[in-house]
file data20.csv (CSV, C-alpha atoms and all ligand atoms)
chain,number,residue,atom,x,y,z
K,1,MET,CA,20.2,-82.2,32.2
K,2,LYS,CA,18.6,-80.1,35.0
K,3,THR,CA,20.8,-79.8,38.1
K,4,VAL,CA,19.9,-78.0,41.3
K,5,VAL,CA,22.0,-76.9,44.2
K,6,TYR,CA,20.3,-77.6,47.5
K,7,PRO,CA,22.1,-75.5,50.1
K,8,GLY,CA,21.7,-75.7,53.9
K,9,SER,CA,23.3,-76.4,57.2
K,10,PHE,CA,21.9,-79.9,57.6
K,11,ASP,CA,23.0,-80.0,61.3
K,12,PRO,CA,21.8,-82.7,61.1
K,13,VAL,CA,19.9,-83.8,58.1
K,14,THR,CA,16.2,-84.6,59.0
K,15,LYS,CA,13.4,-86.6,57.3
K,16,GLY,CA,12.1,-83.1,56.2
K,17,HIS,CA,15.2,-82.5,54.1
K,18,ILE,CA,15.0,-86.1,52.7
K,19,ASP,CA,11.4,-85.5,51.8
K,20,VAL,CA,12.3,-82.3,49.9
K,21,ILE,CA,15.1,-84.2,48.1
K,22,GLU,CA,12.9,-87.1,47.1
K,23,ARG,CA,10.2,-84.8,45.8
K,24,ALA,CA,12.7,-82.7,43.8
K,25,LEU,CA,14.1,-85.8,42.1
K,26,LYS,CA,10.7,-86.3,40.5
K,27,ILE,CA,11.2,-83.2,38.4
K,28,ILE,CA,14.9,-82.6,38.5
K,29,ASP,CA,17.7,-84.8,37.0
K,30,GLU,CA,20.4,-84.2,39.6
K,31,ILE,CA,20.8,-82.6,43.0
K,32,VAL,CA,24.0,-81.2,44.5
K,33,ILE,CA,23.5,-80.9,48.2
K,34,ALA,CA,25.8,-78.1,49.4
K,35,VAL,CA,26.6,-78.3,53.1
K,36,GLY,CA,27.4,-75.0,54.7
K,37,ASP,CA,30.8,-74.7,56.2
K,38,ASN,CA,30.1,-71.6,58.4
K,39,PRO,CA,31.8,-72.0,61.8
K,40,GLU,CA,29.9,-68.9,63.1
K,41,LYS,CA,26.8,-71.0,63.1
K,42,LYS,CA,28.5,-73.2,65.7
K,43,PRO,CA,27.2,-76.5,64.3
K,44,LEU,CA,26.9,-79.6,66.6
K,45,PHE,CA,28.3,-81.8,63.9
K,46,SER,CA,31.5,-81.1,61.8
K,47,THR,CA,31.0,-80.5,58.1
K,48,GLU,CA,32.5,-83.9,57.3
K,49,GLU,CA,30.1,-85.6,59.8
K,50,ARG,CA,27.1,-83.8,58.2
K,51,ILE,CA,28.2,-84.7,54.7
K,52,ASP,CA,28.6,-88.4,55.7
K,53,MET,CA,25.2,-88.5,57.4
K,54,ILE,CA,23.6,-87.1,54.2
K,55,LYS,CA,25.4,-89.6,52.0
K,56,GLU,CA,24.3,-92.5,54.1
K,57,SER,CA,20.7,-91.2,54.3
K,58,THR,CA,20.5,-90.7,50.5
K,59,LYS,CA,22.2,-93.9,49.3
K,60,HIS,CA,18.8,-95.3,48.1
K,61,LEU,CA,18.7,-92.4,45.7
K,62,GLU,CA,20.5,-91.8,42.4
K,63,ASN,CA,21.9,-88.6,41.0
K,64,ILE,CA,22.8,-87.0,44.3
K,65,GLU,CA,26.1,-85.3,45.1
K,66,VAL,CA,27.0,-84.0,48.5
K,67,GLU,CA,29.7,-81.4,48.9
K,68,LYS,CA,31.0,-78.8,51.3
K,69,LEU,CA,30.0,-75.2,50.6
K,70,SER,CA,32.4,-72.5,51.6
K,71,GLY,CA,32.2,-69.1,50.3
K,72,LEU,CA,29.3,-67.4,48.5
K,73,LEU,CA,26.4,-69.6,47.4
K,74,LEU,CA,26.0,-67.8,44.0
K,75,ASP,CA,29.7,-68.3,43.2
K,76,TYR,CA,29.3,-72.0,44.0
K,77,VAL,CA,26.2,-72.3,41.9
K,78,LYS,CA,27.9,-70.7,38.9
K,79,GLU,CA,31.0,-72.8,39.4
K,80,LYS,CA,28.8,-75.9,39.1
K,81,ASN,CA,27.4,-74.5,35.8
K,82,CYS,CA,24.0,-74.7,37.4
K,83,LYS,CA,21.1,-72.2,37.2
K,84,ILE,CA,18.7,-73.4,39.9
K,85,ILE,CA,18.8,-73.2,43.7
K,86,LEU,CA,16.4,-75.5,45.6
K,87,ARG,CA,15.0,-74.6,49.0
K,88,GLY,CA,12.4,-76.3,51.2
K,89,LEU,CA,9.4,-74.5,52.5
K,90,ARG,CA,7.6,-75.4,55.7
K,91,ALA,CA,5.3,-72.9,57.3
K,92,ILE,CA,4.7,-69.3,56.5
K,93,SER,CA,7.4,-68.5,59.0
K,94,ASP,CA,10.0,-69.6,56.4
K,95,PHE,CA,8.5,-67.5,53.7
K,96,GLU,CA,9.7,-64.0,54.4
K,97,PHE,CA,13.3,-65.0,54.9
K,98,GLU,CA,13.3,-67.2,51.8
K,99,PHE,CA,11.5,-64.6,49.7
K,100,GLN,CA,14.1,-61.9,50.7
K,101,ARG,CA,17.0,-64.3,49.9
K,102,ALA,CA,15.6,-65.4,46.6
K,103,LEU,CA,15.0,-61.9,45.4
K,104,LEU,CA,18.3,-60.7,46.5
K,105,ASN,CA,20.1,-63.5,44.8
K,106,ARG,CA,18.1,-62.8,41.6
K,107,GLU,CA,19.0,-59.2,41.8
K,108,ILE,CA,22.7,-60.1,41.9
K,109,GLU,CA,22.6,-63.0,39.4
K,110,LYS,CA,19.6,-62.6,37.1
K,111,ASP,CA,20.1,-66.0,35.4
K,112,ILE,CA,19.9,-68.0,38.6
K,113,GLU,CA,16.4,-68.9,39.9
K,114,THR,CA,15.3,-70.3,43.3
K,115,ILE,CA,12.7,-72.9,43.4
K,116,PHE,CA,10.8,-74.1,46.5
K,117,ILE,CA,9.3,-77.5,47.4
K,118,MET,CA,6.8,-77.8,50.2
K,119,THR,CA,7.4,-80.6,52.6
K,120,LYS,CA,5.1,-83.3,53.7
K,121,GLU,CA,2.5,-82.0,56.2
K,122,SER,CA,3.9,-84.2,59.0
K,123,TYR,CA,7.3,-82.5,58.7
K,124,VAL,CA,6.1,-78.9,58.7
K,125,TYR,CA,7.1,-78.3,62.3
K,126,LEU,CA,10.4,-80.1,62.0
K,127,ASN,CA,13.8,-78.5,62.0
K,128,SER,CA,17.3,-79.5,63.0
K,129,SER,CA,17.3,-77.5,66.2
K,130,VAL,CA,14.2,-79.2,67.6
K,131,VAL,CA,15.8,-82.6,66.8
K,132,LYS,CA,19.0,-81.6,68.7
K,133,GLU,CA,17.0,-80.4,71.7
K,134,ILE,CA,15.0,-83.7,71.9
K,135,ALA,CA,18.2,-85.7,71.5
K,136,MET,CA,20.0,-83.7,74.2
K,137,PHE,CA,17.3,-84.6,76.7
K,138,LYS,CA,17.4,-88.2,75.6
K,139,GLY,CA,14.0,-88.1,73.9
K,140,ASN,CA,13.0,-90.2,70.9
K,141,VAL,CA,14.1,-88.7,67.6
K,142,LYS,CA,13.4,-91.8,65.5
K,143,PRO,CA,10.3,-90.4,63.8
K,144,PHE,CA,12.2,-87.3,62.6
K,145,VAL,CA,15.6,-88.4,61.4
K,146,PRO,CA,17.3,-91.1,59.3
K,147,GLU,CA,18.7,-94.1,61.2
K,148,ILE,CA,22.3,-93.0,60.9
K,149,VAL,CA,21.5,-89.6,62.4
K,150,GLU,CA,19.7,-91.1,65.3
K,151,LYS,CA,22.8,-93.2,66.0
K,152,LYS,CA,25.1,-90.2,65.7
K,153,LEU,CA,23.0,-88.1,68.0
K,154,ARG,CA,22.9,-90.8,70.6
K,155,GLU,CA,26.7,-91.0,70.5
K,156,LYS,CA,27.1,-87.2,70.7
K,157,PHE,CA,24.9,-86.9,73.8
K,158,SER,CA,25.9,-90.1,75.6
C,201,LIG,P1,19.7,-73.2,56.6
C,201,LIG,O1,20.5,-72.9,57.8
C,201,LIG,O2,20.4,-72.8,55.4
C,201,LIG,O3,18.2,-72.8,56.6
C,201,LIG,P2,18.8,-75.9,57.0
C,201,LIG,O4,19.6,-77.2,57.1
C,201,LIG,O5,18.0,-75.5,58.3
C,201,LIG,O6,19.7,-74.8,56.5
C,201,LIG,O7,17.7,-76.0,55.9
C,201,LIG,C1,18.1,-76.2,54.5
C,201,LIG,C2,16.8,-76.1,53.7
C,201,LIG,O8,15.9,-77.2,54.0
C,201,LIG,C3,16.0,-74.8,53.9
C,201,LIG,O9,15.5,-74.5,52.6
C,201,LIG,C4,14.9,-75.2,54.8
C,201,LIG,O10,13.8,-74.4,54.6
C,201,LIG,C5,14.7,-76.6,54.4
C,201,LIG,N1,14.1,-77.5,55.4
C,201,LIG,C6,14.6,-77.6,56.7
C,201,LIG,N2,13.8,-78.5,57.4
C,201,LIG,C7,12.8,-78.8,56.5
C,201,LIG,C8,11.6,-79.6,56.7
C,201,LIG,N3,11.3,-80.2,57.8
C,201,LIG,N4,10.8,-79.7,55.6
C,201,LIG,C9,11.1,-79.0,54.5
C,201,LIG,N5,12.2,-78.3,54.3
C,201,LIG,C10,13.0,-78.1,55.3
call {"tool": "encode", "arguments": {"input": "data20.csv", "output": "structure tokens", "more": "lines below"}}
Ligand code: ADP
result
Amino acid sequence: MKTVVYPGSFDPVTKGHIDVIERALKIIDEIVIAVGDNPEKKPLFSTEERIDMIKESTKHLENIEVEKLSGLLLDYVKEKNCKIILRGLRAISDFEFEFQRALLNREIEKDIETIFIMTKESYVYLNSSVVKEIAMFKGNVKPFVPEIVEKKLREKFS
């Protein structure tokens, strides 16, 4: 049974994240989506709201768990008896940060590997901050986020 931990802020989850999850499920048995609980990041949505939106947006998929991640990612991954971290890659701009993180994590915990999945071309420019900006100015976020997220964003900025 191959399980991966997919960590992130998911503030909020976008179609880019869902695309990575769906692709990963083709080669992986189970995904634990670990939602970062770092108040210093000043998220728009609470951890609970972010978890609920991911659950709703992935209910068409099997073998998904969504949990809060507080503390160190490597400790959490070990706790889950898991050996793989999943991250998404968009443009080259993601690469340096992800490369540094992955190597650092491997240095600390040599048995844990990070794997990357490239997103669909049309989501390459997409991130949660852009979505929040569009929503704040009452723009149309429908092409970029699951339905539940669109609804929640509308409520947040109404
Ligand atoms: P973090 O703050 O940890 O980067 P994010 O929620 O922004 O959290 O992203 C979580 C993961 O999903 C990261 O690996 C990020 O590269 C990836 N990701 C974010 N948006 C997309 C997207 N549009 N396509 C593919 N991967 C994405």
call {"tool": "residues_around", "arguments": {"input": "data20.csv", "residues": "region 48-56 of chain K", "least_positions_apart": "2", "cutoff": "12 Å", "atoms": "all atoms listed in the file", "output": "MDAnalysis selection string"}}
result
chainID K and resid 7:15 17:18 21 32:37 43:46 58:69 128 145:153 156
call {"tool": "atom_distance", "arguments": {"input": "data20.csv", "atom1": "atom C2 of ligand LIG 201 (chain C)", "atom2": "CA of Tyr123 (chain K)"}}
result
12.5 Å
call {"tool": "closest_residue", "arguments": {"input": "data20.csv", "among": "K:Ala24, K:Leu86, K:Met1, K:Val130", "to": "ligand LIG 201 (chain C)", "atoms": "all atoms listed in the file"}}
result
K:Leu86
call {"tool": "residues_around", "arguments": {"input": "data20.csv", "residues": "Glu98 (chain K)", "least_positions_apart": "6", "cutoff": "12 Å", "atoms": "only C-alpha atoms", "output": "list in words"}}
result
Ile85, Leu86, Arg87, Gly88, Leu89, Arg90, Ala91, Ile92, Leu104, Asn105, Thr114, Ile115, Phe116 and Ile117 of chain K
call {"tool": "residues_near_point", "arguments": {"input": "data20.csv", "point": "(22.7, -70.0, 44.5)", "cutoff": "8 Å", "atoms": "only C-alpha atoms", "output": "number ranges by chain"}}
result
K: 5, 7, 73-78, 83-85, 105, 112-114
call {"tool": "atom_distance", "arguments": {"input": "data20.csv", "atom1": "CA of Thr119 (chain K)", "atom2": "atom N5 of ligand LIG 201 (chain C)"}}
result
5.6 Å
